[in-house]
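Asks: Can you keep this structure in mind? I'll have questions shortly.
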Amino acid sequence: MDRRYYLGDDQDRGCLFDAIDKANGRWDWTWLAFAMMSSHVHYGHIAGSSDPDRFFRSAHTRYARQFHRRSGGTTLGPVFADRPSLHPVRESMLPRLVAYLHRNPDRAGVVTRPSHSRWTSHRAYLRLDPAPPWLDVEWALSLLGFEDTAAGRRRFDEFVTEVDLQGWSWDPHDADALRDVAETSDPPDVDWAQLIELARRVTRLPREVSVQARRKAAPVRLLVALVATRDLGQSYAAVGAVLGMTAGAVFNLIQRKAAQPGVAAMHTEITRLLQAA
């Protein structure tokens, strides 16, 4: 934020929340976490297909106007220096990404535990403070592998507090390339019936067994989720809507099962069948 302290108190942060709320309809990215420090901010998102710069321009310009109004005309110009830096991370690193964001005040020496700070989304995750309307805590906890229960939130708090972030770094992806993709592409249409039928064929699931059968159809659901998210650009939410699962359950299914023996071979086979169809 231009290397100056533009988020000095709770009222400033409330103004930024309000600016984000009003601008959030300009994109389809999903909020995962935030950390609002005095001189800079961190946002965690699941990327959508919209150009992120449209949202950031709207939210940050709106906040700048409110900030200058509060200053009584003693400040002028941009508050946020340049457009934000984008740092894509692998799906498997999402829990550590959120921990990194939530531990910003702790690492800065402002508090002794992440749960003591209202500058991040951590207290909202723990249901100690209300979540802003654009942050779905239940969905986010599920996506990260935790339940929105007292025990699940306690485990999440322990994870954030104790996970080793030594050597944490962003993936070396090209942020401009991510912007280019967001500006020009939408996820392709998927013939879900065909994809499910091919997954049935590859896994030899009898036709009388429902795809939503918890155990017998698990290999079919895994194949559909793998192909849809990794090969066809579909979101976890889109896959979940087809399979009768939450977005977090789809994410966790892939994380737990994708490396199991035989899955790679089935993935290769269904990809071949899709290409031949």
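Naming scheme: A, B, ... for chains in displayed order of the structure tokens; residues 1 onward per chain; ligands 1 onward as shown.
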Show me, as an NGL selection string, the residues that have an atom within 12 Å of A:Glu269 when counting only C-alpha atoms, minus same-chain residues fewer than 2 positions from it.
Replies: :A and (198-203 or 223 or 227 or 262-267 or 271-276)
Asks: Considering only C-alpha atoms, tabulate each residue of stretch 20-52 of chain A that lies at most 12 Å from stretch 88-91 of chain A along with its nearest interatomic pair and the corresponding distance in Å to one decimal; arrange the rows by chain and ascending residue number and present them as a Markdown table.
Replies:
| residue | atom | partner | partner_atom | distance |
| --- | --- | --- | --- | --- |
| A:Tyr43 | CA | A:Pro88 | CA | 11.6 |
| A:Gly44 | CA | A:Pro88 | CA | 9.7 |
| A:His45 | CA | A:Pro88 | CA | 9.5 |
| A:Ile46 | CA | A:Glu91 | CA | 9.4 |
| A:Ala47 | CA | A:Pro88 | CA | 8.9 |
Asks: Restricting it to N, CA and C atoms, dump the selection as a PDB file, in the first residue's frame.
Replies:
ATOM      1  N   TYR A  43      -4.637 -11.290   0.114  1.00  0.00           N
ATOM      2  CA  TYR A  43      -5.913 -11.932  -0.160  1.00  0.00           C
ATOM      3  C   TYR A  43      -5.643 -13.352  -0.654  1.00  0.00           C
ATOM      4  N   GLY A  44      -6.476 -14.298  -0.230  1.00  0.00           N
ATOM      5  CA  GLY A  44      -6.417 -15.660  -0.752  1.00  0.00           C
ATOM      6  C   GLY A  44      -7.709 -15.982  -1.471  1.00  0.00           C
ATOM      7  N   HIS A  45      -7.609 -16.457  -2.706  1.00  0.00           N
ATOM      8  CA  HIS A  45      -8.795 -16.737  -3.519  1.00  0.00           C
ATOM      9  C   HIS A  45      -8.647 -18.069  -4.251  1.00  0.00           C
ATOM     10  N   ILE A  46      -9.775 -18.626  -4.629  1.00  0.00           N
ATOM     11  CA  ILE A  46      -9.830 -19.654  -5.662  1.00  0.00           C
ATOM     12  C   ILE A  46     -10.153 -18.916  -6.953  1.00  0.00           C
ATOM     13  N   ALA A  47      -9.253 -18.977  -7.915  1.00  0.00           N
ATOM     14  CA  ALA A  47      -9.394 -18.165  -9.126  1.00  0.00           C
ATOM     15  C   ALA A  47     -10.609 -18.589  -9.937  1.00  0.00           C
TER      16      ALA A  47
END
Asks: Tell me, as a list in words, which residues lie within 9 Å of stretch 108-122 of chain A, counting only C-alpha atoms; anything in the same chain fewer than 5 positions away does not count.
Replies: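 These residues fall inside the cut-off: Asp10, Arg13, Leu32, Ala33, Phe34, Ala35, Met36, Met37, Ser38, Val98, Ala99, Leu101, His102, Arg103, Arg127, Leu128, Asp129, Ala131, Pro132, Leu135, Asp157, Val160 and Thr161 of chain A.
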Asks: Emit the selected residues as a PDB file, in the first residue's frame, including N, CA and C atoms.
Replies:
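Full text of out-v1.pdb as output:
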ATOM      1  N   ASP A  10      -9.623   0.002  13.172  1.00  0.00           N
ATOM      2  CA  ASP A  10     -10.750  -0.846  12.776  1.00  0.00           C
ATOM      3  C   ASP A  10     -11.682  -0.133  11.802  1.00  0.00           C
ATOM      4  N   ARG A  13     -10.284  -0.598   8.347  1.00  0.00           N
ATOM      5  CA  ARG A  13     -10.529  -1.961   7.863  1.00  0.00           C
ATOM      6  C   ARG A  13     -12.005  -2.157   7.528  1.00  0.00           C
ATOM      7  N   LEU A  32     -11.046 -17.028   0.015  1.00  0.00           N
ATOM      8  CA  LEU A  32     -10.570 -18.086   0.898  1.00  0.00           C
ATOM      9  C   LEU A  32     -10.053 -17.512   2.216  1.00  0.00           C
ATOM     10  N   ALA A  33      -9.356 -16.386   2.176  1.00  0.00           N
ATOM     11  CA  ALA A  33      -8.786 -15.813   3.399  1.00  0.00           C
ATOM     12  C   ALA A  33      -8.296 -14.403   3.113  1.00  0.00           C
ATOM     13  N   PHE A  34      -7.992 -13.672   4.177  1.00  0.00           N
ATOM     14  CA  PHE A  34      -7.396 -12.347   4.016  1.00  0.00           C
ATOM     15  C   PHE A  34      -6.557 -12.014   5.243  1.00  0.00           C
ATOM     16  N   ALA A  35      -5.612 -11.106   5.045  1.00  0.00           N
ATOM     17  CA  ALA A  35      -4.835 -10.510   6.134  1.00  0.00           C
ATOM     18  C   ALA A  35      -4.667  -9.040   5.785  1.00  0.00           C
ATOM     19  N   MET A  36      -5.164  -8.170   6.644  1.00  0.00           N
ATOM     20  CA  MET A  36      -5.133  -6.731   6.375  1.00  0.00           C
ATOM     21  C   MET A  36      -4.195  -6.065   7.369  1.00  0.00           C
ATOM     22  N   MET A  37      -2.941  -5.929   6.971  1.00  0.00           N
ATOM     23  CA  MET A  37      -1.938  -5.299   7.807  1.00  0.00           C
ATOM     24  C   MET A  37      -1.977  -3.782   7.606  1.00  0.00           C
ATOM     25  N   SER A  38      -1.246  -3.051   8.434  1.00  0.00           N
ATOM     26  CA  SER A  38      -1.307  -1.588   8.371  1.00  0.00           C
ATOM     27  C   SER A  38      -0.794  -1.035   7.053  1.00  0.00           C
ATOM     28  N   VAL A  98      -3.362 -20.402   3.682  1.00  0.00           N
ATOM     29  CA  VAL A  98      -4.232 -19.753   4.659  1.00  0.00           C
ATOM     30  C   VAL A  98      -3.494 -19.558   5.983  1.00  0.00           C
ATOM     31  N   ALA A  99      -2.720 -20.568   6.397  1.00  0.00           N
ATOM     32  CA  ALA A  99      -1.937 -20.424   7.630  1.00  0.00           C
ATOM     33  C   ALA A  99      -0.951 -19.268   7.516  1.00  0.00           C
ATOM     34  N   LEU A 101      -1.234 -16.566   5.687  1.00  0.00           N
ATOM     35  CA  LEU A 101      -1.970 -15.306   5.789  1.00  0.00           C
ATOM     36  C   LEU A 101      -2.392 -15.032   7.225  1.00  0.00           C
ATOM     37  N   HIS A 102      -2.928 -16.064   7.891  1.00  0.00           N
ATOM     38  CA  HIS A 102      -3.456 -15.866   9.236  1.00  0.00           C
ATOM     39  C   HIS A 102      -2.358 -15.621  10.266  1.00  0.00           C
ATOM     40  N   ARG A 103      -1.137 -16.006   9.950  1.00  0.00           N
ATOM     41  CA  ARG A 103      -0.045 -15.783  10.903  1.00  0.00           C
ATOM     42  C   ARG A 103       0.715 -14.485  10.640  1.00  0.00           C
ATOM     43  N   ARG A 127     -15.238 -18.783  14.224  1.00  0.00           N
ATOM     44  CA  ARG A 127     -16.570 -18.317  14.627  1.00  0.00           C
ATOM     45  C   ARG A 127     -16.493 -17.443  15.881  1.00  0.00           C
ATOM     46  N   LEU A 128     -15.353 -16.797  16.092  1.00  0.00           N
ATOM     47  CA  LEU A 128     -15.218 -15.847  17.194  1.00  0.00           C
ATOM     48  C   LEU A 128     -15.713 -14.468  16.787  1.00  0.00           C
ATOM     49  N   ASP A 129     -15.641 -14.152  15.507  1.00  0.00           N
ATOM     50  CA  ASP A 129     -16.145 -12.900  14.944  1.00  0.00           C
ATOM     51  C   ASP A 129     -17.008 -13.226  13.731  1.00  0.00           C
ATOM     52  N   ALA A 131     -18.167 -13.423   9.986  1.00  0.00           N
ATOM     53  CA  ALA A 131     -17.441 -13.389   8.709  1.00  0.00           C
ATOM     54  C   ALA A 131     -18.059 -12.326   7.814  1.00  0.00           C
ATOM     55  N   PRO A 132     -17.254 -11.652   7.001  1.00  0.00           N
ATOM     56  CA  PRO A 132     -17.836 -10.734   6.013  1.00  0.00           C
ATOM     57  C   PRO A 132     -18.717 -11.520   5.044  1.00  0.00           C
ATOM     58  N   LEU A 135     -17.221 -14.077   2.456  1.00  0.00           N
ATOM     59  CA  LEU A 135     -16.380 -15.197   2.881  1.00  0.00           C
ATOM     60  C   LEU A 135     -17.257 -16.292   3.460  1.00  0.00           C
ATOM     61  N   ASP A 157      -7.409 -24.246  14.142  1.00  0.00           N
ATOM     62  CA  ASP A 157      -6.615 -23.279  14.902  1.00  0.00           C
ATOM     63  C   ASP A 157      -5.251 -23.865  15.256  1.00  0.00           C
ATOM     64  N   VAL A 160      -3.064 -23.957  12.020  1.00  0.00           N
ATOM     65  CA  VAL A 160      -2.541 -22.636  11.647  1.00  0.00           C
ATOM     66  C   VAL A 160      -1.432 -22.212  12.599  1.00  0.00           C
ATOM     67  N   THR A 161      -1.613 -22.481  13.878  1.00  0.00           N
ATOM     68  CA  THR A 161      -0.647 -22.038  14.881  1.00  0.00           C
ATOM     69  C   THR A 161       0.645 -22.834  14.824  1.00  0.00           C
TER      70      THR A 161
END
Asks: With a distance cut-off of 12 Å and only C-alpha atoms, select the neighbouring residues of A:Thr246, excluding the residue or stretch itself and same-chain residues fewer than 3 positions from it, and output the selection as a VMD selection string.
Replies: chain A and resid 138 to 143 145 225 235 to 243 249 to 253
Asks: For the residues in the current selection, export N, CA and C atoms as an mmCIF file, in the first residue's frame.
Replies:
data_model
loop_
_atom_site.group_PDB
_atom_site.id
_atom_site.type_symbol
_atom_site.label_atom_id
_atom_site.label_comp_id
_atom_site.auth_asym_id
_atom_site.auth_seq_id
_atom_site.Cartn_x
_atom_site.Cartn_y
_atom_site.Cartn_z
ATOM 1 N N GLU A 138 -17.875 -21.965 6.207
ATOM 2 C CA GLU A 138 -18.163 -23.401 6.185
ATOM 3 C C GLU A 138 -17.549 -24.051 4.948
ATOM 4 N N TRP A 139 -17.740 -23.420 3.793
ATOM 5 C CA TRP A 139 -17.161 -23.946 2.555
ATOM 6 C C TRP A 139 -15.639 -23.951 2.628
ATOM 7 N N ALA A 140 -15.050 -22.858 3.123
ATOM 8 C CA ALA A 140 -13.595 -22.748 3.165
ATOM 9 C C ALA A 140 -12.992 -23.795 4.093
ATOM 10 N N LEU A 141 -13.581 -23.986 5.260
ATOM 11 C CA LEU A 141 -13.074 -25.015 6.171
ATOM 12 C C LEU A 141 -13.146 -26.389 5.516
ATOM 13 N N SER A 142 -14.264 -26.679 4.861
ATOM 14 C CA SER A 142 -14.411 -27.967 4.188
ATOM 15 C C SER A 142 -13.368 -28.141 3.097
ATOM 16 N N LEU A 143 -13.131 -27.082 2.322
ATOM 17 C CA LEU A 143 -12.139 -27.144 1.251
ATOM 18 C C LEU A 143 -10.757 -27.455 1.801
ATOM 19 N N GLY A 145 -10.128 -29.154 4.466
ATOM 20 C CA GLY A 145 -10.074 -30.450 5.132
ATOM 21 C C GLY A 145 -10.505 -30.437 6.583
ATOM 22 N N ALA A 225 -14.100 -36.264 -11.003
ATOM 23 C CA ALA A 225 -13.519 -35.084 -10.356
ATOM 24 C C ALA A 225 -12.136 -34.780 -10.908
ATOM 25 N N SER A 235 -14.570 -26.031 -11.796
ATOM 26 C CA SER A 235 -14.366 -25.731 -10.384
ATOM 27 C C SER A 235 -14.824 -26.910 -9.532
ATOM 28 N N TYR A 236 -14.355 -26.936 -8.281
ATOM 29 C CA TYR A 236 -14.809 -27.970 -7.351
ATOM 30 C C TYR A 236 -16.316 -27.855 -7.132
ATOM 31 N N ALA A 237 -16.821 -26.627 -7.095
ATOM 32 C CA ALA A 237 -18.255 -26.431 -6.888
ATOM 33 C C ALA A 237 -19.061 -27.007 -8.043
ATOM 34 N N ALA A 238 -18.588 -26.808 -9.279
ATOM 35 C CA ALA A 238 -19.304 -27.329 -10.447
ATOM 36 C C ALA A 238 -19.341 -28.854 -10.422
ATOM 37 N N VAL A 239 -18.211 -29.461 -10.079
ATOM 38 C CA VAL A 239 -18.159 -30.926 -9.996
ATOM 39 C C VAL A 239 -19.069 -31.415 -8.877
ATOM 40 N N GLY A 240 -19.015 -30.727 -7.738
ATOM 41 C CA GLY A 240 -19.850 -31.123 -6.611
ATOM 42 C C GLY A 240 -21.330 -31.069 -6.932
ATOM 43 N N ALA A 241 -21.739 -30.074 -7.711
ATOM 44 C CA ALA A 241 -23.152 -29.949 -8.076
ATOM 45 C C ALA A 241 -23.616 -31.145 -8.897
ATOM 46 N N VAL A 242 -22.735 -31.676 -9.729
ATOM 47 C CA VAL A 242 -23.074 -32.830 -10.564
ATOM 48 C C VAL A 242 -23.082 -34.118 -9.747
ATOM 49 N N LEU A 243 -22.135 -34.241 -8.825
ATOM 50 C CA LEU A 243 -21.964 -35.493 -8.083
ATOM 51 C C LEU A 243 -22.694 -35.514 -6.747
ATOM 52 N N ALA A 249 -15.657 -31.454 -0.280
ATOM 53 C CA ALA A 249 -15.589 -32.913 -0.378
ATOM 54 C C ALA A 249 -14.915 -33.344 -1.679
ATOM 55 N N VAL A 250 -15.181 -32.631 -2.768
ATOM 56 C CA VAL A 250 -14.517 -32.936 -4.042
ATOM 57 C C VAL A 250 -13.015 -32.714 -3.913
ATOM 58 N N PHE A 251 -12.635 -31.579 -3.334
ATOM 59 C CA PHE A 251 -11.216 -31.272 -3.135
ATOM 60 C C PHE A 251 -10.550 -32.362 -2.301
ATOM 61 N N ASN A 252 -11.176 -32.739 -1.189
ATOM 62 C CA ASN A 252 -10.583 -33.735 -0.302
ATOM 63 C C ASN A 252 -10.511 -35.109 -0.957
ATOM 64 N N LEU A 253 -11.515 -35.460 -1.762
ATOM 65 C CA LEU A 253 -11.493 -36.737 -2.478
ATOM 66 C C LEU A 253 -10.267 -36.823 -3.376
#
Asks: Run DSSP on the backbone and give me the residues of stretch 79-243 of chain A it puts in helix (DSSP H, G or I), as JSON, numbers by chain.
Replies: {"A": [91, 92, 93, 94, 95, 96, 97, 98, 99, 100, 101, 102, 104, 105, 106, 107, 114, 115, 116, 122, 123, 124, 125, 137, 138, 139, 140, 141, 142, 143, 144, 150, 151, 152, 153, 154, 155, 156, 157, 158, 159, 160, 161, 162, 175, 176, 177, 178, 179, 180, 181, 182, 183, 184, 192, 193, 194, 195, 196, 197, 198, 199, 200, 201, 202, 203, 218, 219, 220, 221, 222, 223, 224, 225, 226, 227, 228, 229, 230, 231, 236, 237, 238, 239, 240, 241, 242, 243]}
Asks: With only C-alpha atoms as the basis for distance, which of A:Pro219, A:Ala151, A:Leu232, A:Phe159 is at the shortest distance from A:Val190?
Replies: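 Nearest to A:Val190: A:Leu232.
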Asks: Considering only C-alpha atoms, return as a ChimeraX atom specification whatever protein or nucleic-acid residues lie within 6 Å of stretch 59-61 of chain A, sequence-local ones (same chain, fewer than 6 positions apart) excluded.
Replies: /A:19-20,23
Asks: By how many Å are atom CA of A:Tyr100 and atom CA of A:Leu126 apart?
Replies: 16.1 Å
Asks: Atom CA of A:Met93 and atom CA of A:Asp164, how far apart in Å?
Replies: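 Pair atom CA of A:Asp164 / atom CA of A:Met93 returns 12.4 Å.
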Asks: Using only C-alpha atoms, which of A:Trp31, A:Tyr125, A:Pro84, A:Ala228 sits nearest A:Asp191?
Replies: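 The closest residue to A:Asp191 is A:Ala228.
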Asks: Could you tell me how far atom CA of A:Gly233 lies from atom CA of A:Lys257, in Å and to one decimal?
Replies: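 Distance between the two atoms: 19.3 Å.
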Asks: Tell me which of A:Arg107, A:Arg62, A:Arg57, A:Arg96 sits closest to A:Asp18, counting only C-alpha atoms.
Replies: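 For A:Asp18, the nearest of the given residues is A:Arg62.
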